[in-house]
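K.L.:
I'd like to ask some things about the structure below.
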Amino acid sequence: MFEQKPEADLALGGFSAAVNKAIGIQGVWVLKVVGAVLATALAAQVSIGGPVPITLQTLAVLLTGFALGWRLAPAAMLLYVILGTVGLPVFAVGRLGLTGGYLIGFVFAALLVGYFGRGGRGSLLRTVLVAVAGTVTIFAFGLMWLAYWLEGDFSAVLLFGFVPHWPGALLKIAMTVTAVHGWRFTVAGLGKRGE
């Protein structure tokens, strides 16, 4: 089996080791994936209307990528998309519809951020670039899907799918970078002091 030792787990030291011992590493993986799905579903409920609503899902996806890595993060986002597709109320608006491309982009963004993000252990510049790349990935899938649904009306695609979203996207990138590096220099630093 795959063995992941994210810095966050190392930082929590004894607690993380106790949980691993009590329920096993596979149980911990399941808890992490389910936690990421729940966080993303909650982030979808913070929604400002429109055909393509503004939500906090992108923030959840980016944080999931940094926290869970390239194996578990896309698995969590794939499970999230599947649950919404079968009808569970986890999306901001019903089923896939106009927003389906963004939702599919979550899986690929989580993979990209999980792979290149190094659990937030990279430099500040690397963290920013990875968060930007994850956001661009979500937009790329979302805008392509939207262009299909709007029959190639690119002005409508930009009007509904990009223009109202880019300021929030920049804010969510900043929040992600702050959270990742804040974790790295506070909680993760606590674990190193005891070594």
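Letters A, B, ... go to the chains of the structure tokens in the order shown; residues in each chain start at 1; ligands are counted from 1 in the same order.
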Just list the residues in region 102-188 of chain A DSSP gives alpha helix (DSSP H) on the backbone, as a PDB file with N, CA and C atoms, in the first residue's frame.
P.N.:
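To be explicit, this is the file written out as out_39.pdb:
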ATOM      1  N   TYR A 102     -16.401  23.090 -14.141  1.00  0.00           N
ATOM      2  CA  TYR A 102     -15.664  23.512 -12.945  1.00  0.00           C
ATOM      3  C   TYR A 102     -15.528  22.337 -11.987  1.00  0.00           C
ATOM      4  N   LEU A 103     -16.632  21.598 -11.829  1.00  0.00           N
ATOM      5  CA  LEU A 103     -16.629  20.459 -10.910  1.00  0.00           C
ATOM      6  C   LEU A 103     -15.660  19.376 -11.369  1.00  0.00           C
ATOM      7  N   ILE A 104     -15.633  19.093 -12.659  1.00  0.00           N
ATOM      8  CA  ILE A 104     -14.666  18.128 -13.190  1.00  0.00           C
ATOM      9  C   ILE A 104     -13.248  18.672 -13.025  1.00  0.00           C
ATOM     10  N   GLY A 105     -13.104  19.971 -13.208  1.00  0.00           N
ATOM     11  CA  GLY A 105     -11.802  20.610 -13.006  1.00  0.00           C
ATOM     12  C   GLY A 105     -11.290  20.466 -11.586  1.00  0.00           C
ATOM     13  N   PHE A 106     -12.201  20.313 -10.610  1.00  0.00           N
ATOM     14  CA  PHE A 106     -11.770  20.116  -9.222  1.00  0.00           C
ATOM     15  C   PHE A 106     -10.865  18.898  -9.096  1.00  0.00           C
ATOM     16  N   VAL A 107     -11.216  17.828  -9.793  1.00  0.00           N
ATOM     17  CA  VAL A 107     -10.446  16.577  -9.706  1.00  0.00           C
ATOM     18  C   VAL A 107      -9.027  16.807 -10.227  1.00  0.00           C
ATOM     19  N   PHE A 108      -8.924  17.456 -11.382  1.00  0.00           N
ATOM     20  CA  PHE A 108      -7.612  17.676 -11.991  1.00  0.00           C
ATOM     21  C   PHE A 108      -6.801  18.724 -11.236  1.00  0.00           C
ATOM     22  N   ALA A 109      -7.475  19.740 -10.710  1.00  0.00           N
ATOM     23  CA  ALA A 109      -6.786  20.747  -9.909  1.00  0.00           C
ATOM     24  C   ALA A 109      -6.247  20.123  -8.622  1.00  0.00           C
ATOM     25  N   ALA A 110      -7.032  19.252  -7.995  1.00  0.00           N
ATOM     26  CA  ALA A 110      -6.577  18.583  -6.772  1.00  0.00           C
ATOM     27  C   ALA A 110      -5.357  17.710  -7.059  1.00  0.00           C
ATOM     28  N   LEU A 111      -5.362  17.037  -8.205  1.00  0.00           N
ATOM     29  CA  LEU A 111      -4.211  16.228  -8.605  1.00  0.00           C
ATOM     30  C   LEU A 111      -2.983  17.106  -8.806  1.00  0.00           C
ATOM     31  N   LEU A 112      -3.140  18.188  -9.545  1.00  0.00           N
ATOM     32  CA  LEU A 112      -2.025  19.096  -9.825  1.00  0.00           C
ATOM     33  C   LEU A 112      -1.478  19.715  -8.542  1.00  0.00           C
ATOM     34  N   VAL A 113      -2.351  20.260  -7.713  1.00  0.00           N
ATOM     35  CA  VAL A 113      -1.912  20.891  -6.463  1.00  0.00           C
ATOM     36  C   VAL A 113      -1.314  19.851  -5.529  1.00  0.00           C
ATOM     37  N   GLY A 114      -1.933  18.687  -5.467  1.00  0.00           N
ATOM     38  CA  GLY A 114      -1.401  17.628  -4.610  1.00  0.00           C
ATOM     39  C   GLY A 114      -0.024  17.176  -5.037  1.00  0.00           C
ATOM     40  N   TYR A 115       0.201  17.109  -6.344  1.00  0.00           N
ATOM     41  CA  TYR A 115       1.487  16.630  -6.859  1.00  0.00           C
ATOM     42  C   TYR A 115       2.585  17.679  -6.718  1.00  0.00           C
ATOM     43  N   PHE A 116       2.294  18.901  -7.142  1.00  0.00           N
ATOM     44  CA  PHE A 116       3.328  19.934  -7.148  1.00  0.00           C
ATOM     45  C   PHE A 116       3.385  20.742  -5.856  1.00  0.00           C
ATOM     46  N   LEU A 124       7.386  30.027  -0.665  1.00  0.00           N
ATOM     47  CA  LEU A 124       6.186  30.841  -0.802  1.00  0.00           C
ATOM     48  C   LEU A 124       5.840  31.016  -2.284  1.00  0.00           C
ATOM     49  N   LEU A 125       6.846  31.283  -3.116  1.00  0.00           N
ATOM     50  CA  LEU A 125       6.604  31.448  -4.551  1.00  0.00           C
ATOM     51  C   LEU A 125       6.032  30.175  -5.155  1.00  0.00           C
ATOM     52  N   ARG A 126       6.585  29.042  -4.781  1.00  0.00           N
ATOM     53  CA  ARG A 126       6.074  27.770  -5.310  1.00  0.00           C
ATOM     54  C   ARG A 126       4.618  27.568  -4.900  1.00  0.00           C
ATOM     55  N   THR A 127       4.289  27.871  -3.663  1.00  0.00           N
ATOM     56  CA  THR A 127       2.921  27.708  -3.182  1.00  0.00           C
ATOM     57  C   THR A 127       1.970  28.604  -3.968  1.00  0.00           C
ATOM     58  N   VAL A 128       2.384  29.849  -4.211  1.00  0.00           N
ATOM     59  CA  VAL A 128       1.552  30.771  -4.989  1.00  0.00           C
ATOM     60  C   VAL A 128       1.352  30.234  -6.402  1.00  0.00           C
ATOM     61  N   LEU A 129       2.438  29.809  -7.049  1.00  0.00           N
ATOM     62  CA  LEU A 129       2.345  29.317  -8.424  1.00  0.00           C
ATOM     63  C   LEU A 129       1.478  28.068  -8.524  1.00  0.00           C
ATOM     64  N   VAL A 130       1.595  27.183  -7.564  1.00  0.00           N
ATOM     65  CA  VAL A 130       0.782  25.959  -7.577  1.00  0.00           C
ATOM     66  C   VAL A 130      -0.692  26.305  -7.360  1.00  0.00           C
ATOM     67  N   ALA A 131      -0.986  27.229  -6.446  1.00  0.00           N
ATOM     68  CA  ALA A 131      -2.374  27.640  -6.215  1.00  0.00           C
ATOM     69  C   ALA A 131      -2.953  28.315  -7.461  1.00  0.00           C
ATOM     70  N   VAL A 132      -2.147  29.144  -8.121  1.00  0.00           N
ATOM     71  CA  VAL A 132      -2.601  29.786  -9.362  1.00  0.00           C
ATOM     72  C   VAL A 132      -2.853  28.722 -10.425  1.00  0.00           C
ATOM     73  N   ALA A 133      -1.944  27.764 -10.560  1.00  0.00           N
ATOM     74  CA  ALA A 133      -2.108  26.706 -11.563  1.00  0.00           C
ATOM     75  C   ALA A 133      -3.359  25.877 -11.286  1.00  0.00           C
ATOM     76  N   GLY A 134      -3.635  25.587 -10.032  1.00  0.00           N
ATOM     77  CA  GLY A 134      -4.853  24.852  -9.688  1.00  0.00           C
ATOM     78  C   GLY A 134      -6.101  25.636 -10.049  1.00  0.00           C
ATOM     79  N   THR A 135      -6.088  26.928  -9.779  1.00  0.00           N
ATOM     80  CA  THR A 135      -7.229  27.780 -10.108  1.00  0.00           C
ATOM     81  C   THR A 135      -7.422  27.878 -11.614  1.00  0.00           C
ATOM     82  N   VAL A 136      -6.324  28.044 -12.352  1.00  0.00           N
ATOM     83  CA  VAL A 136      -6.397  28.109 -13.813  1.00  0.00           C
ATOM     84  C   VAL A 136      -6.954  26.797 -14.374  1.00  0.00           C
ATOM     85  N   THR A 137      -6.566  25.685 -13.781  1.00  0.00           N
ATOM     86  CA  THR A 137      -7.080  24.380 -14.216  1.00  0.00           C
ATOM     87  C   THR A 137      -8.599  24.321 -14.057  1.00  0.00           C
ATOM     88  N   ILE A 138      -9.094  24.776 -12.918  1.00  0.00           N
ATOM     89  CA  ILE A 138     -10.541  24.774 -12.681  1.00  0.00           C
ATOM     90  C   ILE A 138     -11.241  25.671 -13.699  1.00  0.00           C
ATOM     91  N   PHE A 139     -10.692  26.865 -13.918  1.00  0.00           N
ATOM     92  CA  PHE A 139     -11.285  27.782 -14.905  1.00  0.00           C
ATOM     93  C   PHE A 139     -11.246  27.188 -16.306  1.00  0.00           C
ATOM     94  N   ALA A 140     -10.151  26.544 -16.671  1.00  0.00           N
ATOM     95  CA  ALA A 140     -10.030  25.988 -18.025  1.00  0.00           C
ATOM     96  C   ALA A 140     -11.133  24.958 -18.287  1.00  0.00           C
ATOM     97  N   PHE A 141     -11.308  24.025 -17.363  1.00  0.00           N
ATOM     98  CA  PHE A 141     -12.370  23.022 -17.530  1.00  0.00           C
ATOM     99  C   PHE A 141     -13.748  23.682 -17.502  1.00  0.00           C
ATOM    100  N   GLY A 142     -13.925  24.612 -16.574  1.00  0.00           N
ATOM    101  CA  GLY A 142     -15.214  25.271 -16.435  1.00  0.00           C
ATOM    102  C   GLY A 142     -15.602  26.075 -17.661  1.00  0.00           C
ATOM    103  N   LEU A 143     -14.663  26.834 -18.200  1.00  0.00           N
ATOM    104  CA  LEU A 143     -14.968  27.678 -19.355  1.00  0.00           C
ATOM    105  C   LEU A 143     -15.185  26.853 -20.617  1.00  0.00           C
ATOM    106  N   MET A 144     -14.437  25.768 -20.776  1.00  0.00           N
ATOM    107  CA  MET A 144     -14.661  24.899 -21.939  1.00  0.00           C
ATOM    108  C   MET A 144     -16.059  24.271 -21.875  1.00  0.00           C
ATOM    109  N   TRP A 145     -16.431  23.782 -20.717  1.00  0.00           N
ATOM    110  CA  TRP A 145     -17.749  23.170 -20.523  1.00  0.00           C
ATOM    111  C   TRP A 145     -18.851  24.201 -20.780  1.00  0.00           C
ATOM    112  N   LEU A 146     -18.650  25.400 -20.225  1.00  0.00           N
ATOM    113  CA  LEU A 146     -19.630  26.463 -20.375  1.00  0.00           C
ATOM    114  C   LEU A 146     -19.771  26.868 -21.847  1.00  0.00           C
ATOM    115  N   ALA A 147     -18.648  26.904 -22.569  1.00  0.00           N
ATOM    116  CA  ALA A 147     -18.690  27.234 -24.000  1.00  0.00           C
ATOM    117  C   ALA A 147     -19.527  26.203 -24.759  1.00  0.00           C
ATOM    118  N   TYR A 148     -19.418  24.951 -24.387  1.00  0.00           N
ATOM    119  CA  TYR A 148     -20.238  23.910 -25.012  1.00  0.00           C
ATOM    120  C   TYR A 148     -21.720  24.163 -24.728  1.00  0.00           C
ATOM    121  N   TRP A 149     -22.054  24.410 -23.464  1.00  0.00           N
ATOM    122  CA  TRP A 149     -23.445  24.607 -23.074  1.00  0.00           C
ATOM    123  C   TRP A 149     -24.040  25.873 -23.682  1.00  0.00           C
ATOM    124  N   PHE A 154     -18.785  33.026 -26.744  1.00  0.00           N
ATOM    125  CA  PHE A 154     -17.658  33.292 -25.866  1.00  0.00           C
ATOM    126  C   PHE A 154     -17.825  34.560 -25.031  1.00  0.00           C
ATOM    127  N   SER A 155     -18.585  35.517 -25.529  1.00  0.00           N
ATOM    128  CA  SER A 155     -18.835  36.704 -24.701  1.00  0.00           C
ATOM    129  C   SER A 155     -19.681  36.315 -23.485  1.00  0.00           C
ATOM    130  N   ALA A 156     -20.660  35.441 -23.692  1.00  0.00           N
ATOM    131  CA  ALA A 156     -21.481  34.959 -22.567  1.00  0.00           C
ATOM    132  C   ALA A 156     -20.653  34.090 -21.629  1.00  0.00           C
ATOM    133  N   VAL A 157     -19.764  33.299 -22.206  1.00  0.00           N
ATOM    134  CA  VAL A 157     -18.891  32.457 -21.382  1.00  0.00           C
ATOM    135  C   VAL A 157     -18.064  33.326 -20.440  1.00  0.00           C
ATOM    136  N   LEU A 158     -17.445  34.354 -20.987  1.00  0.00           N
ATOM    137  CA  LEU A 158     -16.627  35.246 -20.153  1.00  0.00           C
ATOM    138  C   LEU A 158     -17.488  36.019 -19.166  1.00  0.00           C
ATOM    139  N   LEU A 159     -18.653  36.469 -19.613  1.00  0.00           N
ATOM    140  CA  LEU A 159     -19.536  37.251 -18.754  1.00  0.00           C
ATOM    141  C   LEU A 159     -20.036  36.443 -17.560  1.00  0.00           C
ATOM    142  N   PHE A 160     -20.413  35.178 -17.782  1.00  0.00           N
ATOM    143  CA  PHE A 160     -20.963  34.359 -16.702  1.00  0.00           C
ATOM    144  C   PHE A 160     -19.914  33.521 -15.978  1.00  0.00           C
ATOM    145  N   GLY A 161     -18.876  33.099 -16.715  1.00  0.00           N
ATOM    146  CA  GLY A 161     -17.951  32.124 -16.155  1.00  0.00           C
ATOM    147  C   GLY A 161     -16.614  32.643 -15.690  1.00  0.00           C
ATOM    148  N   TRP A 166     -13.083  36.218 -11.201  1.00  0.00           N
ATOM    149  CA  TRP A 166     -11.639  36.367 -11.040  1.00  0.00           C
ATOM    150  C   TRP A 166     -11.233  37.121  -9.779  1.00  0.00           C
ATOM    151  N   PRO A 167     -11.965  38.163  -9.325  1.00  0.00           N
ATOM    152  CA  PRO A 167     -11.530  38.802  -8.071  1.00  0.00           C
ATOM    153  C   PRO A 167     -11.570  37.822  -6.893  1.00  0.00           C
ATOM    154  N   GLY A 168     -12.636  37.031  -6.823  1.00  0.00           N
ATOM    155  CA  GLY A 168     -12.737  36.030  -5.761  1.00  0.00           C
ATOM    156  C   GLY A 168     -11.679  34.956  -5.881  1.00  0.00           C
ATOM    157  N   ALA A 169     -11.337  34.609  -7.119  1.00  0.00           N
ATOM    158  CA  ALA A 169     -10.292  33.602  -7.336  1.00  0.00           C
ATOM    159  C   ALA A 169      -8.966  34.091  -6.772  1.00  0.00           C
ATOM    160  N   LEU A 170      -8.655  35.357  -7.001  1.00  0.00           N
ATOM    161  CA  LEU A 170      -7.412  35.916  -6.446  1.00  0.00           C
ATOM    162  C   LEU A 170      -7.440  35.909  -4.917  1.00  0.00           C
ATOM    163  N   LEU A 171      -8.580  36.247  -4.357  1.00  0.00           N
ATOM    164  CA  LEU A 171      -8.727  36.233  -2.899  1.00  0.00           C
ATOM    165  C   LEU A 171      -8.567  34.813  -2.349  1.00  0.00           C
ATOM    166  N   LYS A 172      -9.159  33.826  -3.028  1.00  0.00           N
ATOM    167  CA  LYS A 172      -9.055  32.436  -2.563  1.00  0.00           C
ATOM    168  C   LYS A 172      -7.626  31.907  -2.703  1.00  0.00           C
ATOM    169  N   ILE A 173      -6.911  32.350  -3.722  1.00  0.00           N
ATOM    170  CA  ILE A 173      -5.491  31.988  -3.842  1.00  0.00           C
ATOM    171  C   ILE A 173      -4.729  32.560  -2.655  1.00  0.00           C
ATOM    172  N   ALA A 174      -4.973  33.828  -2.336  1.00  0.00           N
ATOM    173  CA  ALA A 174      -4.294  34.462  -1.200  1.00  0.00           C
ATOM    174  C   ALA A 174      -4.643  33.754   0.113  1.00  0.00           C
ATOM    175  N   MET A 175      -5.909  33.389   0.279  1.00  0.00           N
ATOM    176  CA  MET A 175      -6.318  32.676   1.492  1.00  0.00           C
ATOM    177  C   MET A 175      -5.648  31.306   1.578  1.00  0.00           C
ATOM    178  N   THR A 176      -5.541  30.622   0.445  1.00  0.00           N
ATOM    179  CA  THR A 176      -4.895  29.308   0.421  1.00  0.00           C
ATOM    180  C   THR A 176      -3.430  29.427   0.814  1.00  0.00           C
ATOM    181  N   VAL A 177      -2.731  30.353   0.195  1.00  0.00           N
ATOM    182  CA  VAL A 177      -1.299  30.526   0.474  1.00  0.00           C
ATOM    183  C   VAL A 177      -1.095  30.901   1.935  1.00  0.00           C
ATOM    184  N   THR A 178      -1.933  31.780   2.453  1.00  0.00           N
ATOM    185  CA  THR A 178      -1.838  32.178   3.860  1.00  0.00           C
ATOM    186  C   THR A 178      -2.074  30.979   4.776  1.00  0.00           C
ATOM    187  N   ALA A 179      -3.093  30.192   4.473  1.00  0.00           N
ATOM    188  CA  ALA A 179      -3.395  29.026   5.310  1.00  0.00           C
ATOM    189  C   ALA A 179      -2.282  27.990   5.250  1.00  0.00           C
ATOM    190  N   VAL A 180      -1.793  27.714   4.049  1.00  0.00           N
ATOM    191  CA  VAL A 180      -0.753  26.690   3.896  1.00  0.00           C
ATOM    192  C   VAL A 180       0.524  27.108   4.617  1.00  0.00           C
ATOM    193  N   HIS A 181       0.938  28.342   4.414  1.00  0.00           N
ATOM    194  CA  HIS A 181       2.176  28.780   5.070  1.00  0.00           C
ATOM    195  C   HIS A 181       1.957  29.086   6.541  1.00  0.00           C
ATOM    196  N   GLY A 182       0.756  29.500   6.898  1.00  0.00           N
ATOM    197  CA  GLY A 182       0.453  29.680   8.314  1.00  0.00           C
ATOM    198  C   GLY A 182       0.544  28.361   9.061  1.00  0.00           C
ATOM    199  N   TRP A 183       0.007  27.297   8.459  1.00  0.00           N
ATOM    200  CA  TRP A 183       0.096  25.960   9.044  1.00  0.00           C
ATOM    201  C   TRP A 183       1.547  25.528   9.152  1.00  0.00           C
ATOM    202  N   ARG A 184       2.272  25.769   8.103  1.00  0.00           N
ATOM    203  CA  ARG A 184       3.677  25.336   8.055  1.00  0.00           C
ATOM    204  C   ARG A 184       4.506  25.984   9.158  1.00  0.00           C
ATOM    205  N   PHE A 185       4.274  27.257   9.390  1.00  0.00           N
ATOM    206  CA  PHE A 185       5.116  27.975  10.341  1.00  0.00           C
ATOM    207  C   PHE A 185       4.566  28.008  11.753  1.00  0.00           C
ATOM    208  N   VAL A 187       1.680  25.360  13.343  1.00  0.00           N
ATOM    209  CA  VAL A 187       1.410  23.997  13.826  1.00  0.00           C
ATOM    210  C   VAL A 187       2.537  23.053  13.476  1.00  0.00           C
ATOM    211  N   ALA A 188       2.991  23.072  12.228  1.00  0.00           N
ATOM    212  CA  ALA A 188       4.073  22.179  11.830  1.00  0.00           C
ATOM    213  C   ALA A 188       5.347  22.518  12.592  1.00  0.00           C
TER     214      ALA A 188
END
K.L.:
Within 8 Å of Ala43 (chain A), counting only C-alpha atoms, which residues qualify if same-chain residues fewer than 4 places away don't, as a list in words?
P.N.:
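After dropping sequence-adjacent residues, the list is Ala39, Thr55, Leu56, Gln57, Leu59 and Ala60 of chain A.
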K.L.:
Hey, which of A:Val52, A:Ala67, A:Ala92, A:Leu42 ends up closest to Arg118 (chain A)? Count only C-alpha atoms.
P.N.:
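For Arg118 (chain A), the nearest of the candidates is A:Ala67.
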K.L.:
Rounded to one decimal in Å, what is the spacing between CA of Gly122 (chain A) and CA of Gly69 (chain A)?
P.N.:
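Interatomic distance here is 13.2 Å.
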K.L.:
Could you give me, as a list in words, the residues within 8 Å of region 29-36 of chain A, counting only C-alpha atoms and dropping anything in the same chain fewer than 5 positions from it?
P.N.:
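Once the nearby chain positions are removed, what remains is Ala60, Thr64, Leu68, Leu72, Ala73, Ala75, Ala76 and Met77 of chain A.
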K.L.:
Let me see the file: selected residues, C-alpha atoms, as a JSON list (two decimals), in the first residue's frame.
P.N.:
[["chain", "number", "residue", "atom", "x", "y", "z"],
["A", 60, "ALA", "CA", -11.63, 23.90, -0.45],
["A", 64, "THR", "CA", -7.45, 19.69, -0.14],
["A", 68, "LEU", "CA", -3.97, 15.41, 1.09],
["A", 72, "LEU", "CA", -6.00, 11.32, -1.83],
["A", 73, "ALA", "CA", -6.95, 14.83, -3.01],
["A", 75, "ALA", "CA", -9.93, 10.80, -4.93],
["A", 76, "ALA", "CA", -11.78, 13.14, -2.55],
["A", 77, "MET", "CA", -12.81, 15.49, -5.36]]
K.L.:
Suppose you want the space between CA of Gly120 (chain A) and CA of Thr58 (chain A); what is it in Å?
P.N.:
16.9 Å
K.L.:
Quick one: pull the distance between CA of Pro89 (chain A) and CA of Ala41 (chain A), Å, one decimal.
P.N.:
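We find that CA of Pro89 (chain A) and CA of Ala41 (chain A) lie 8.1 Å from each other.
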K.L.:
Write out as a list in words all residues of region 20-190 of chain A that backbone DSSP assigns to strand (DSSP E or B).
P.N.:
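Matching residues, listed in order: Ser47, Ile48, Ile54 and Thr55 of chain A.
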K.L.:
If we count only C-alpha atoms and set the cut-off at 8 Å, which residues sit around Gly84 (chain A), ignoring sequence neighbours fewer than 5 positions away in its own chain? Please answer as a PyMOL selection string.
P.N.:
chain A and resi 89-91+94-96
K.L.:
Can I get the selection written as an mmCIF file, in the first residue's frame, with N, CA and C atoms?
P.N.:
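Written output follows (part33.cif):
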data_model
loop_
_atom_site.group_PDB
_atom_site.id
_atom_site.type_symbol
_atom_site.label_atom_id
_atom_site.label_comp_id
_atom_site.auth_asym_id
_atom_site.auth_seq_id
_atom_site.Cartn_x
_atom_site.Cartn_y
_atom_site.Cartn_z
ATOM 1 N N PRO A 89 -27.234 16.559 -2.177
ATOM 2 C CA PRO A 89 -27.191 18.030 -2.235
ATOM 3 C C PRO A 89 -25.835 18.620 -1.800
ATOM 4 N N VAL A 90 -24.799 18.312 -2.546
ATOM 5 C CA VAL A 90 -23.462 18.799 -2.192
ATOM 6 C C VAL A 90 -22.984 19.933 -3.101
ATOM 7 N N PHE A 91 -23.630 20.116 -4.263
ATOM 8 C CA PHE A 91 -23.244 21.177 -5.185
ATOM 9 C C PHE A 91 -23.965 22.473 -4.814
ATOM 10 N N GLY A 94 -27.874 22.337 -7.907
ATOM 11 C CA GLY A 94 -28.340 21.065 -8.448
ATOM 12 C C GLY A 94 -27.278 20.101 -8.915
ATOM 13 N N ARG A 95 -27.408 19.679 -10.162
ATOM 14 C CA ARG A 95 -26.476 18.709 -10.743
ATOM 15 C C ARG A 95 -25.456 19.422 -11.599
ATOM 16 N N LEU A 96 -24.777 18.691 -12.442
ATOM 17 C CA LEU A 96 -23.670 19.260 -13.211
ATOM 18 C C LEU A 96 -24.058 20.510 -14.001
#
